[in-house]
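Below is the file target_33.txt, which contains compact mmCIF, C-alpha atoms and all ligand atoms.
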# COMPACT_ATOMS: atom_id res chain seq x y z
CA MET A 1 45.44 35.39 -40.23
CA PHE A 2 44.37 38.42 -42.29
CA ASP A 3 42.85 36.30 -45.07
CA SER A 4 39.36 36.72 -43.68
CA LEU A 5 39.79 40.53 -43.56
CA ILE A 6 40.95 40.60 -47.18
CA GLN A 7 37.97 38.43 -48.14
CA PHE A 8 35.62 40.64 -46.14
CA VAL A 9 36.79 43.78 -47.99
CA ARG A 10 36.60 42.00 -51.36
CA ASP A 11 33.08 40.80 -50.62
CA PHE A 12 32.00 44.30 -49.61
CA TYR A 13 33.31 45.90 -52.79
CA ARG A 14 32.45 42.83 -54.89
CA THR A 15 35.72 42.86 -56.81
CA SER A 16 38.86 40.77 -57.21
CA GLU A 17 40.80 43.80 -58.48
CA PHE A 18 42.92 46.30 -56.56
CA ILE A 19 40.94 48.07 -53.82
CA PRO A 20 42.20 51.58 -53.00
CA LEU A 21 41.93 53.26 -49.63
CA HIS A 22 39.60 55.91 -50.95
CA ALA A 23 38.29 56.60 -54.45
CA PRO A 24 35.77 59.28 -55.40
CA VAL A 25 32.33 58.38 -56.74
CA PHE A 26 30.69 60.42 -59.51
CA ARG A 27 27.22 59.11 -60.05
CA GLY A 28 25.17 62.32 -59.86
CA SER A 29 25.10 65.43 -62.03
CA GLU A 30 28.90 65.85 -62.20
CA ARG A 31 29.17 65.57 -65.97
CA LYS A 32 26.14 67.76 -66.58
CA PHE A 33 27.34 70.57 -64.30
CA VAL A 34 30.92 70.50 -65.59
CA VAL A 35 29.65 70.68 -69.18
CA GLU A 36 27.38 73.57 -68.18
CA SER A 37 30.40 75.37 -66.76
CA ILE A 38 32.35 74.82 -70.00
CA GLU A 39 29.43 75.90 -72.19
CA SER A 40 29.01 79.09 -70.16
CA THR A 41 32.74 79.84 -70.77
CA PHE A 42 32.97 80.64 -67.04
CA VAL A 43 35.42 77.95 -65.99
CA SER A 44 37.77 80.07 -63.94
CA SER A 45 37.70 82.62 -61.17
CA VAL A 46 34.08 83.75 -61.45
CA GLY A 47 30.86 81.91 -62.15
CA ALA A 48 27.53 80.83 -60.77
CA PHE A 49 28.67 77.43 -59.46
CA VAL A 50 31.00 79.00 -56.91
CA GLU A 51 28.17 80.91 -55.26
CA ARG A 52 25.87 77.92 -55.48
CA PHE A 53 28.48 75.65 -53.87
CA GLU A 54 29.06 78.17 -51.08
CA GLN A 55 25.31 78.42 -50.46
CA GLN A 56 25.00 74.63 -50.35
CA MET A 57 27.72 74.60 -47.71
CA VAL A 58 26.00 77.32 -45.66
CA ASP A 59 22.75 75.35 -45.79
CA TYR A 60 24.43 72.06 -44.93
CA THR A 61 26.72 73.15 -42.11
CA GLY A 62 24.68 75.99 -40.64
CA SER A 63 27.73 78.26 -40.82
CA PRO A 64 26.73 81.90 -41.46
CA ARG A 65 29.32 82.17 -44.23
CA ALA A 66 31.21 79.66 -46.39
CA ILE A 67 34.01 80.81 -48.70
CA ALA A 68 35.29 78.43 -51.37
CA THR A 69 39.05 78.22 -51.85
CA VAL A 70 41.47 76.49 -54.17
CA ASN A 71 42.32 73.86 -51.56
CA GLY A 72 42.02 73.14 -47.87
CA THR A 73 45.56 74.23 -47.05
CA ALA A 74 44.91 77.69 -48.54
CA ALA A 75 41.67 77.87 -46.54
CA LEU A 76 43.61 77.08 -43.38
CA HIS A 77 46.31 79.65 -44.17
CA VAL A 78 43.74 82.44 -44.48
CA ALA A 79 41.66 81.21 -41.53
CA LEU A 80 44.73 81.37 -39.28
CA GLN A 81 45.62 84.82 -40.56
CA LEU A 82 42.07 86.00 -39.80
CA ALA A 83 42.30 84.48 -36.33
CA GLY A 84 45.19 86.90 -35.76
CA VAL A 85 48.07 84.46 -36.18
CA SER A 86 51.16 86.33 -37.31
CA SER A 87 54.91 86.07 -37.42
CA GLY A 88 56.49 84.70 -34.25
CA ASP A 89 53.21 83.45 -32.74
CA LEU A 90 52.67 79.96 -31.36
CA VAL A 91 49.68 77.85 -32.40
CA ILE A 92 48.78 74.78 -30.38
CA THR A 93 47.88 71.74 -32.45
CA GLN A 94 48.09 67.97 -32.40
CA PRO A 95 51.10 66.01 -33.70
CA LEU A 96 48.75 63.36 -35.10
CA THR A 97 47.54 65.10 -38.25
CA PHE A 98 48.20 65.55 -41.94
CA VAL A 99 51.14 67.85 -42.66
CA ALA A 100 48.90 70.59 -44.14
CA THR A 101 47.79 71.57 -40.63
CA CYS A 102 51.35 72.47 -39.65
CA ASN A 103 52.34 73.87 -43.02
CA ALA A 104 49.54 76.44 -42.80
CA ILE A 105 50.82 77.53 -39.39
CA ALA A 106 54.30 77.93 -40.88
CA TYR A 107 52.94 79.98 -43.81
CA CYS A 108 51.85 82.56 -41.22
CA GLY A 109 55.39 82.74 -39.88
CA ALA A 110 54.10 81.04 -36.74
CA GLU A 111 55.21 77.82 -35.08
CA PRO A 112 53.19 74.82 -33.97
CA VAL A 113 53.22 73.59 -30.37
CA PHE A 114 52.38 69.88 -30.16
CA VAL A 115 49.94 68.75 -27.51
CA ASP A 116 48.68 65.18 -27.15
CA VAL A 117 45.45 63.68 -28.49
CA ASP A 118 42.83 61.56 -26.75
CA ARG A 119 42.84 57.89 -27.66
CA GLU A 120 39.05 57.79 -28.07
CA THR A 121 38.63 60.74 -30.44
CA LEU A 122 42.12 60.92 -32.01
CA GLY A 123 41.62 64.67 -31.58
CA LEU A 124 43.39 67.27 -29.43
CA SER A 125 42.98 66.42 -25.74
CA PRO A 126 41.47 69.19 -23.57
CA ALA A 127 43.30 67.80 -20.52
CA ALA A 128 46.65 67.81 -22.32
CA LEU A 129 45.98 71.32 -23.65
CA GLU A 130 45.21 72.66 -20.18
CA ALA A 131 48.23 70.90 -18.69
CA TRP A 132 50.58 72.42 -21.27
CA LEU A 133 49.13 75.90 -20.80
CA GLU A 134 49.37 75.70 -17.01
CA GLU A 135 52.98 74.65 -17.17
CA HIS A 136 54.16 77.05 -19.87
CA ALA A 137 51.80 79.99 -20.35
CA HIS A 138 49.91 82.78 -18.64
CA VAL A 139 47.39 85.40 -19.69
CA ASP A 140 49.00 88.83 -19.36
CA GLY A 141 47.45 92.12 -18.21
CA ASP A 142 46.25 92.85 -21.75
CA GLY A 143 44.45 89.52 -21.94
CA VAL A 144 47.04 87.99 -24.28
CA CYS A 145 48.21 84.43 -23.74
CA ARG A 146 52.02 84.32 -23.61
CA LEU A 147 54.79 81.96 -22.63
CA LYS A 148 55.59 82.44 -18.94
CA ASP A 149 58.80 84.32 -19.76
CA GLY A 150 56.64 86.77 -21.74
CA SER A 151 58.53 86.16 -24.96
CA ARG A 152 56.05 84.60 -27.33
CA VAL A 153 52.32 84.96 -27.89
CA VAL A 154 50.23 81.79 -27.94
CA ARG A 155 47.57 82.96 -30.38
CA ALA A 156 45.39 80.07 -31.39
CA CYS A 157 44.45 76.46 -30.91
CA LEU A 158 43.98 74.27 -33.99
CA PRO A 159 42.40 70.87 -33.33
CA MET A 160 41.76 68.42 -36.19
CA HIS A 161 38.77 66.08 -36.47
CA THR A 162 40.75 62.99 -37.35
CA PHE A 163 39.27 60.71 -40.03
CA GLY A 164 35.94 62.47 -39.45
CA HIS A 165 35.67 61.78 -35.69
CA PRO A 166 34.87 65.03 -33.84
CA ALA A 167 37.31 66.19 -31.18
CA ASP A 168 36.01 67.12 -27.71
CA LEU A 169 34.82 70.58 -28.73
CA ASP A 170 33.09 71.56 -25.48
CA GLY A 171 36.26 70.86 -23.55
CA LEU A 172 38.47 72.70 -26.04
CA LEU A 173 36.14 75.71 -26.30
CA ALA A 174 36.08 76.21 -22.53
CA ILE A 175 39.87 76.14 -22.30
CA CYS A 176 40.35 78.45 -25.28
CA GLN A 177 37.99 80.93 -23.67
CA ARG A 178 39.80 80.81 -20.32
CA TRP A 179 43.19 81.21 -21.98
CA SER A 180 42.25 83.83 -24.60
CA LEU A 181 43.03 81.54 -27.51
CA ALA A 182 41.29 81.67 -30.89
CA LEU A 183 39.87 78.25 -31.74
CA VAL A 184 40.26 77.33 -35.42
CA GLU A 185 38.99 73.90 -36.49
CA ASP A 186 40.74 71.83 -39.12
CA ALA A 187 37.57 70.07 -40.29
CA ALA A 188 39.18 69.03 -43.60
CA GLU A 189 38.22 65.41 -42.97
CA SER A 190 34.89 65.88 -41.21
CA LEU A 191 32.35 67.26 -43.68
CA GLY A 192 29.07 65.75 -42.45
CA SER A 193 30.32 65.00 -38.93
CA LEU A 194 28.29 66.42 -36.06
CA TYR A 195 29.24 67.19 -32.48
CA LYS A 196 26.11 67.23 -30.28
CA GLY A 197 24.02 67.73 -33.39
CA ARG A 198 25.96 70.67 -34.76
CA HIS A 199 28.35 70.58 -37.71
CA THR A 200 32.08 70.37 -37.00
CA GLY A 201 33.96 73.43 -38.22
CA THR A 202 31.25 75.79 -36.89
CA PHE A 203 32.31 75.82 -33.22
CA GLY A 204 35.53 77.78 -33.52
CA LEU A 205 36.11 81.35 -34.62
CA LEU A 206 36.75 79.80 -38.04
CA GLY A 207 36.81 76.32 -39.51
CA ILE A 208 38.00 74.82 -42.78
CA LEU A 209 37.00 71.95 -45.08
CA SER A 210 38.86 70.18 -47.88
CA PHE A 211 37.55 68.72 -51.15
CA ASN A 212 40.75 67.08 -52.27
CA GLY A 213 40.30 63.94 -54.38
CA ASN A 214 40.50 61.63 -51.37
CA LYS A 215 38.01 63.48 -49.14
CA ILE A 216 34.34 62.55 -48.63
CA ILE A 217 33.33 64.82 -51.52
CA THR A 218 35.73 66.23 -54.08
CA THR A 219 36.03 69.20 -56.42
CA GLY A 220 39.29 67.84 -57.85
CA GLY A 221 41.03 70.20 -55.48
CA GLY A 222 39.27 72.65 -53.25
CA GLY A 223 38.53 73.89 -49.79
CA MET A 224 36.16 76.06 -47.79
CA ILE A 225 36.43 78.54 -44.95
CA LEU A 226 33.54 78.49 -42.46
CA ALA A 227 33.07 81.71 -40.50
CA GLY A 228 30.65 84.26 -39.13
CA GLU A 229 29.46 87.24 -41.18
CA GLU A 230 32.30 89.62 -40.44
CA LEU A 231 35.25 87.23 -40.72
CA GLY A 232 33.51 85.56 -43.65
CA ALA A 233 33.45 88.84 -45.55
CA ARG A 234 37.15 89.34 -44.71
CA ALA A 235 37.90 85.79 -45.88
CA LYS A 236 36.16 86.40 -49.22
CA HIS A 237 38.12 89.62 -49.70
CA LEU A 238 41.51 88.12 -48.80
CA THR A 239 41.07 84.98 -50.92
CA THR A 240 40.06 87.01 -54.01
CA THR A 241 43.13 89.30 -54.30
CA ALA A 242 41.64 91.92 -51.94
CA LYS A 243 39.92 93.64 -54.83
CA LYS A 244 37.47 96.42 -54.02
CA PRO A 245 34.21 96.17 -55.93
CA HIS A 246 34.36 98.51 -58.94
CA PRO A 247 32.78 98.27 -62.40
CA PHE A 248 36.15 98.40 -64.19
CA GLU A 249 39.06 99.68 -62.08
CA TYR A 250 41.57 97.41 -60.35
CA VAL A 251 41.71 98.57 -56.78
CA HIS A 252 43.33 96.25 -54.24
CA ASP A 253 43.42 97.61 -50.72
CA GLU A 254 45.80 95.08 -49.10
CA ILE A 255 47.91 92.06 -50.02
CA GLY A 256 45.40 89.37 -50.87
CA TYR A 257 45.70 85.87 -52.27
CA ASN A 258 44.54 84.21 -55.43
CA TYR A 259 42.96 81.39 -53.48
CA ARG A 260 39.64 81.29 -55.38
CA LEU A 261 38.06 77.98 -56.27
CA PRO A 262 37.64 77.87 -60.08
CA ASN A 263 34.04 77.66 -61.27
CA ILE A 264 34.65 74.36 -63.08
CA ASN A 265 35.76 72.78 -59.79
CA ALA A 266 32.76 74.25 -57.99
CA ALA A 267 30.52 72.62 -60.62
CA LEU A 268 31.85 69.24 -59.52
CA GLY A 269 31.29 70.24 -55.90
CA CYS A 270 27.64 71.22 -56.46
CA ALA A 271 26.93 67.78 -57.90
CA GLN A 272 28.85 66.02 -55.10
CA MET A 273 27.00 67.93 -52.36
CA LEU A 274 23.69 66.55 -53.62
CA GLN A 275 25.03 63.06 -52.84
CA LEU A 276 26.72 63.79 -49.53
CA ASP A 277 24.01 62.29 -47.33
CA ALA A 278 24.00 59.13 -49.43
CA PHE A 279 27.80 58.93 -49.18
CA ILE A 280 27.63 59.28 -45.39
CA ASP A 281 24.98 56.55 -45.17
CA ALA A 282 27.18 54.22 -47.24
CA LYS A 283 30.24 54.99 -45.13
CA ARG A 284 28.38 54.45 -41.88
CA ALA A 285 27.05 51.15 -43.19
CA LEU A 286 30.60 50.05 -44.04
CA ALA A 287 31.87 51.15 -40.63
CA SER A 288 29.25 49.13 -38.82
CA ARG A 289 30.21 46.08 -40.92
CA TYR A 290 33.87 46.60 -40.01
CA ALA A 291 32.89 46.96 -36.34
CA GLU A 292 31.02 43.67 -36.54
CA PHE A 293 33.92 42.00 -38.33
CA PHE A 294 36.48 43.04 -35.71
CA SER A 295 34.28 42.53 -32.64
CA GLY A 296 35.79 39.94 -30.33
CA SER A 297 39.18 40.16 -32.08
CA ASP A 298 42.34 41.84 -30.78
CA ILE A 299 41.99 44.58 -33.40
CA GLU A 300 39.57 47.38 -32.63
CA LEU A 301 37.73 49.71 -35.00
CA ILE A 302 37.72 53.35 -33.94
CA GLN A 303 34.10 54.36 -33.51
CA GLU A 304 32.36 57.70 -33.25
CA PRO A 305 32.73 59.45 -29.89
CA VAL A 306 29.72 59.58 -27.55
CA GLY A 307 27.31 62.37 -28.56
CA CYS A 308 28.76 62.62 -32.06
CA ARG A 309 27.85 61.54 -35.53
CA SER A 310 31.00 60.77 -37.52
CA ASN A 311 31.12 60.72 -41.31
CA TYR A 312 33.51 57.72 -41.08
CA TRP A 313 35.55 59.26 -43.88
CA LEU A 314 38.42 56.82 -43.32
CA ASN A 315 37.98 53.72 -41.21
CA ALA A 316 40.80 53.18 -38.77
CA VAL A 317 41.69 50.23 -36.59
CA VAL A 318 43.97 50.00 -33.58
CA CYS A 319 46.29 46.99 -33.61
CA GLU A 320 47.76 45.36 -30.52
CA GLY A 321 51.22 46.64 -31.32
CA ARG A 322 53.64 47.59 -34.06
CA GLU A 323 54.32 43.96 -35.02
CA GLN A 324 50.67 43.22 -35.68
CA ARG A 325 50.31 46.55 -37.46
CA ASP A 326 53.15 45.73 -39.83
CA ALA A 327 51.75 42.27 -40.50
CA LEU A 328 48.34 43.75 -41.31
CA LEU A 329 49.86 46.34 -43.66
CA LYS A 330 51.93 43.69 -45.43
CA ALA A 331 49.17 41.11 -45.83
CA THR A 332 46.59 43.55 -47.18
CA ASN A 333 48.86 45.50 -49.52
CA GLU A 334 50.43 42.33 -50.92
CA ASN A 335 46.95 41.11 -51.76
CA GLY A 336 45.68 44.17 -53.57
CA VAL A 337 43.73 45.59 -50.64
CA MET A 338 45.22 48.95 -49.81
CA SER A 339 45.88 49.94 -46.21
CA ARG A 340 48.14 52.59 -44.72
CA PRO A 341 49.57 53.40 -41.33
CA ILE A 342 48.45 56.63 -39.69
CA TRP A 343 50.72 59.62 -40.37
CA GLN A 344 54.10 59.86 -38.71
CA LEU A 345 53.82 62.39 -35.93
CA MET A 346 54.45 65.95 -37.07
CA SER A 347 56.95 66.28 -34.22
CA HIS A 348 59.08 63.65 -36.00
CA LEU A 349 59.26 65.54 -39.32
CA PRO A 350 62.43 67.53 -40.01
CA SER A 351 60.44 70.77 -40.51
CA PHE A 352 58.80 70.57 -37.08
CA SER A 353 61.12 68.45 -34.94
CA HIS A 354 62.43 71.55 -33.15
CA CYS A 355 58.96 72.69 -32.05
CA ARG A 356 57.74 72.83 -28.47
CA ARG A 357 55.72 69.86 -27.27
CA GLY A 358 53.93 68.42 -24.30
CA ASP A 359 53.86 64.78 -23.30
CA LEU A 360 52.81 62.91 -26.45
CA ALA A 361 52.24 59.42 -25.02
CA ASN A 362 48.83 58.83 -26.66
CA SER A 363 49.97 60.14 -30.03
CA GLU A 364 53.02 57.87 -29.94
CA TRP A 365 50.90 54.92 -28.83
CA LEU A 366 48.48 55.48 -31.74
CA GLU A 367 51.25 56.16 -34.25
CA ALA A 368 52.56 52.63 -33.66
CA ARG A 369 49.15 50.94 -33.94
CA VAL A 370 46.64 52.70 -36.20
CA VAL A 371 45.95 51.48 -39.74
CA ASN A 372 43.45 52.88 -42.24
CA LEU A 373 41.38 50.39 -44.25
CA PRO A 374 39.54 50.81 -47.57
CA SER A 375 36.68 53.24 -47.01
CA SER A 376 35.38 54.34 -50.40
CA VAL A 377 31.69 54.62 -51.05
CA PRO A 378 30.96 51.61 -53.29
CA GLN A 379 30.74 52.63 -56.95
CA GLU A 380 27.34 50.93 -57.18
CA PRO A 381 24.71 51.80 -54.56
CA LEU A 382 24.34 49.10 -51.91
CA ALA A 383 21.57 46.61 -52.62
C1 LIG A 401 43.14 67.11 -46.55
C2 LIG A 401 43.56 67.85 -45.37
C3 LIG A 401 43.86 69.23 -45.38
C4 LIG A 401 43.80 70.10 -46.60
O1 LIG A 401 44.28 69.49 -47.71
P1 LIG A 401 44.19 70.06 -49.19
O2 LIG A 401 44.74 68.91 -49.95
O3 LIG A 401 45.04 71.28 -49.24
O4 LIG A 401 42.77 70.36 -49.56
C5 LIG A 401 44.19 69.84 -44.20
N1 LIG A 401 44.22 69.16 -43.05
C6 LIG A 401 43.94 67.85 -42.98
C7 LIG A 401 43.95 67.19 -41.66
C8 LIG A 401 43.60 67.14 -44.14
O5 LIG A 401 43.34 65.83 -44.04

I need this file expressed as structure tokens, please.
Amino acid sequence: MFDSLIQFVRDFYRTSEFIPLHAPVFRGSERKFVVESIESTFVSSVGAFVERFEQQMVDYTGSPRAIATVNGTAALHVALQLAGVSSGDLVITQPLTFVATCNAIAYCGAEPVFVDVDRETLGLSPAALEAWLEEHAHVDGDGVCRLKDGSRVVRACLPMHTFGHPADLDGLLAICQRWSLALVEDAAESLGSLYKGRHTGTFGLLGILSFNGNKIITTGGGGMILAGEELGARAKHLTTTAKKPHPFEYVHDEIGYNYRLPNINAALGCAQMLQLDAFIDAKRALASRYAEFFSGSDIELIQEPVGCRSNYWLNAVVCEGREQRDALLKATNENGVMSRPIWQLMSHLPSFSHCRRGDLANSEWLEARVVNLPSSVPQEPLA
């Protein structure tokens, strides 16, 4: 039954060998830039490629500031700290995400609250967010959102743009404003994805990107904080050991982090950025072929939400039920075509199973049905 899918993927990638879920493509100036970094001797915490990479990201996303970090999780840790998240706070997020989202909340000494996603976007549901807040929270006389018993502060809301599909940002922004919540976007998977023409990660107070090896572009490991001028300057300071500028003295005015992206990694990123639009075109072409392939079948490809342009970082299909999902996973993986189920819900992990949660019906429904299919940019440009 899945033979034709396996054949379809093999035809697309024109190979009879193992097909991974996502492999990076280096067919630009990667080697040249990395060699330049080595020859300059600036491979580590300072160097011209870091600034160039940050500028490329400012130009591409339209964010006033972009601060490169050692990975996306570190970017998220500092972004949450700058959004005011501190020990004992609650941060509302979705259970359907990669564990880094929740780990970063925990690094701040805060705790996630799990609110359901929408089935169409796979992102945090504005309706579910509002419902949870109305049932459990209020804004106190000082304009701080707290649990109704006054005990805990609900500081921030952290939606994630799942597989590159933008969440309903207008809806989320309006609710965050009404409830005095800082909106921080986990845009780790959505570099190149637009919501109503504007880049994801630039709607909230802060946003973050990831350049891990499996993301749409990679620096080996790396991340980026997107922010306005003031928070951007704070982010740069905090991620670079909080060192005050001085010609030779070491003066650190607070506890900072060594979260800098090394220059040699940024060199890779500069070369990858020059190919980003081509990567997105290739991914969108693959997605439309998948959509065609599955049309009229009982398996449905998740497509970009209305008014959005998705980067289609990872293609995802919704199966009829868990049985069909398992059969799809087995058939593809046994035949050298990699596929994976969507993450287990964060609310099921031992570290977060005690956390507060709303009704998670959509997340649970999706958890049992969603499978990711091979989504790499082909190593050779499409004919
Ligand atoms: C990749 C990813 C991150 C960050 O991952 P790093 O590997 O630390 O760069 C964060 N959130 C989500 C949803 C991700 O997919």

Mind listing whatever residues come within 10 Å of the point (35.3, 73.8, -61.4)? Use all atoms listed in the file, file coordinates, and give them as a ChimeraX atom specification.
/A:33-34,37-38,42-45,47,49-50,70,219-222,261-270

Taking only C-alpha atoms and all ligand atoms into account, report as number ranges by chain which residues have an atom no farther than 10 Å from an atom of ligand LIG 401 (chain A).
A: 69-77, 96-104, 159-164, 185-190, 208-215, 218-224

Within 9 Å of Gln303 in chain A, counting all atoms listed in the file, which residues qualify if same-chain residues fewer than 6 places away don't, as a short mmCIF file (atom, residue, chain, number, x, y, z; two decimals) with C-alpha atoms, in the coordinates of the input?
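Contents of the output file around.cif:
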data_model
loop_
_atom_site.label_atom_id
_atom_site.label_comp_id
_atom_site.auth_asym_id
_atom_site.auth_seq_id
_atom_site.Cartn_x
_atom_site.Cartn_y
_atom_site.Cartn_z
CA GLU A 120 39.05 57.79 -28.07
CA THR A 121 38.63 60.74 -30.44
CA HIS A 165 35.67 61.78 -35.69
CA ALA A 287 31.87 51.15 -40.63
CA SER A 288 29.25 49.13 -38.82
CA ALA A 291 32.89 46.96 -36.34
CA SER A 310 31.00 60.77 -37.52
CA TYR A 312 33.51 57.72 -41.08
CA ASN A 315 37.98 53.72 -41.21
CA ALA A 316 40.80 53.18 -38.77
#

With 5 Å added on each side, what axis-aligned box encloses every listed atom of range 268-283 of chain A? Give the centre and edge lengths in Å to one decimal, as AutoDock Vina command-line options.
--center_x 27.8 --center_y 62.7 --center_z -52.3 --size_x 18.2 --size_y 27.0 --size_z 24.4

CA of Lys243 in chain A to CA of Ala182 in chain A, straight-line distance in Å:
26.8 Å

When you look at Phe293 in chain A with a cut-off of 12 Å (counting all atoms listed in the file), what residues show up, excluding the ones that are within fewer than 2 positions of it in the same chain? I need them as a list in words.
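That gives Phe2, Ser4, Leu5, Ile6, Gln7, Phe8, Val9, Phe12, Leu286, Ala287, Ser288, Arg289, Tyr290, Ala291, Ser295, Gly296, Ser297, Asp298, Ile299, Glu300, Leu301 and Val317 of chain A.
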
At a cut-off of 12 Å, can you tabulate as a Markdown table every residue of range 97-119 of chain A near range 365-368 of chain A together with its closest atom pair and the distance in Å to one decimal, using all atoms listed in the file and ordering rows by chain then number?
| residue | atom | partner | partner_atom | distance |
| --- | --- | --- | --- | --- |
| A:Thr97 | CA | A:Glu367 | CA | 10.5 |
| A:Asp116 | CA | A:Trp365 | CA | 10.6 |
| A:Val117 | CA | A:Leu366 | CA | 9.3 |
| A:Asp118 | CA | A:Leu366 | CA | 9.7 |
| A:Arg119 | CA | A:Leu366 | CA | 7.4 |
